[in-house]
Amino acid sequence: MRIAILSLFAMLLTATVSHAQQMERKSPHDTLSTKYITVTYGRPYKKGREIFGKLEPYGKVYRVGADEATTITFAKDATFGGKPVKAGTYTLFAIPNETSWTIILNSQLGQWGAFKYDQFKDKDVLQVDVPVKKLSTPMEQLTIALEDKNLTIAWDRVKVAVPVKF
């Protein structure tokens with residue numbers, strides 16, 4: 001009986017440690033915060049890799065960052081990519097393609113990466129397509145910023161901009 005209890009305890013401990021290692025952050029994280037918008041995201045580095053079309057395949061959902069999925073909070077109602085969005089916190093995803101990206105706001109919080117996005121895609125609040133701008137100089141670290149009333153996402157040799165109005 002004692003051996004069975006100890007074995008059960010050992011299995012639970014191993015499973016807990018394994019799960020914690022899978023959820024461990026691998027990249028630095030940053031928070032962009034302004035009066036009406038806050039974005040929290042992992043900031044992976046390029047490290048000589050080809051990012052879009054290879055590491056992050058075209059046509060597949062991408063978490064826009066590293067580790068847990070990126071979150072975006074609107075302090076008040078806004079338009080995002082010309083579409084209305086209510087104040088609140090959302091998970092930010094993208095579907096990168098060579099000439100445009102589909103940017104997605106999803107109401108399911110607490111996702112790790114985009115691994116279970118398909119289970120929660122019915123919770124998409126909006127999708128908006130934005131053109132890709134090619135960068136002449138690669139962006140080494142993923143960067144999300146607010147520039148000229150646009151939320152920009154830049155990494156590797158691409159940049160996209162989503163208009164935001166409050």
# chains A, B, ... in the order shown; residues from 1 in each chain; ligands from 1
call {"tool": "residues_around", "arguments": {"residues": "region 128-132 of chain A", "least_positions_apart": "3", "cutoff": "12 Å", "atoms": "only C-alpha atoms", "output": "NGL selection string"}}
result
:A and (52 or 79-85 or 92-105 or 124-125 or 135 or 150-155 or 157-164)
call {"tool": "closest_atom_pairs", "arguments": {"of": "region 52-164 of chain A", "to": "region 25-34 of chain A", "cutoff": "8 Å", "atoms": "only C-alpha atoms", "output": "Markdown table"}}
result
| residue | atom | partner | partner_atom | distance |
| --- | --- | --- | --- | --- |
| A:Ala66 | CA | A:Ser27 | CA | 6.4 |
| A:Asp67 | CA | A:Arg25 | CA | 5.6 |
| A:Glu68 | CA | A:Arg25 | CA | 7.9 |
| A:Ile144 | CA | A:Leu32 | CA | 7.5 |
| A:Ala145 | CA | A:Leu32 | CA | 6.9 |
call {"tool": "select_by_dssp", "arguments": {"residues": "region 19-162 of chain A", "states": "alpha helix (DSSP H)", "output": "ChimeraX atom specification"}}
result
/A:19-22,117-120
call {"tool": "write_last_selection", "arguments": {"atoms": "C-alpha atoms", "output": "short mmCIF file (atom, residue, chain, number, x, y, z; two decimals), in the first residue's frame"}}
result
data_model
loop_
_atom_site.label_atom_id
_atom_site.label_comp_id
_atom_site.auth_asym_id
_atom_site.auth_seq_id
_atom_site.Cartn_x
_atom_site.Cartn_y
_atom_site.Cartn_z
CA HIS A 19 3.91 20.61 -17.24
CA ALA A 20 5.74 23.51 -15.55
CA GLN A 21 8.71 23.04 -17.89
CA GLN A 22 6.40 23.16 -20.93
CA TYR A 117 -6.71 28.16 -31.15
CA ASP A 118 -8.96 25.87 -33.21
CA GLN A 119 -10.85 24.92 -30.02
CA PHE A 120 -11.61 28.59 -29.36
#
call {"tool": "atom_distance", "arguments": {"atom1": "CA of Arg63 (chain A)", "atom2": "CA of Ala114 (chain A)"}}
result
5.2 Å
call {"tool": "select_by_dssp", "arguments": {"residues": "region 8-164 of chain A", "states": "strand (DSSP E)", "output": "MDAnalysis selection string"}}
result
chainID A and resid 29:33 37:42 70:74 78:80 83:85 88:96 100:106 124:147 150:164
call {"tool": "residues_around", "arguments": {"residues": "region 48-50 of chain A", "least_positions_apart": "6", "cutoff": "12 Å", "atoms": "only C-alpha atoms", "output": "NGL selection string"}}
result
:A and (56-57 or 138-141 or 155-158)
call {"tool": "atom_distance", "arguments": {"atom1": "CA of Ala69 (chain A)", "atom2": "CA of Gln108 (chain A)"}}
result
10.3 Å
call {"tool": "atom_distance", "arguments": {"atom1": "CA of Ala78 (chain A)", "atom2": "CA of Lys149 (chain A)"}}
result
11.7 Å
call {"tool": "closest_residue", "arguments": {"among": "A:Asp77, A:Thr71, A:Leu142, A:Lys46", "to": "Leu109 (chain A)", "atoms": "only C-alpha atoms"}}
result
A:Thr71
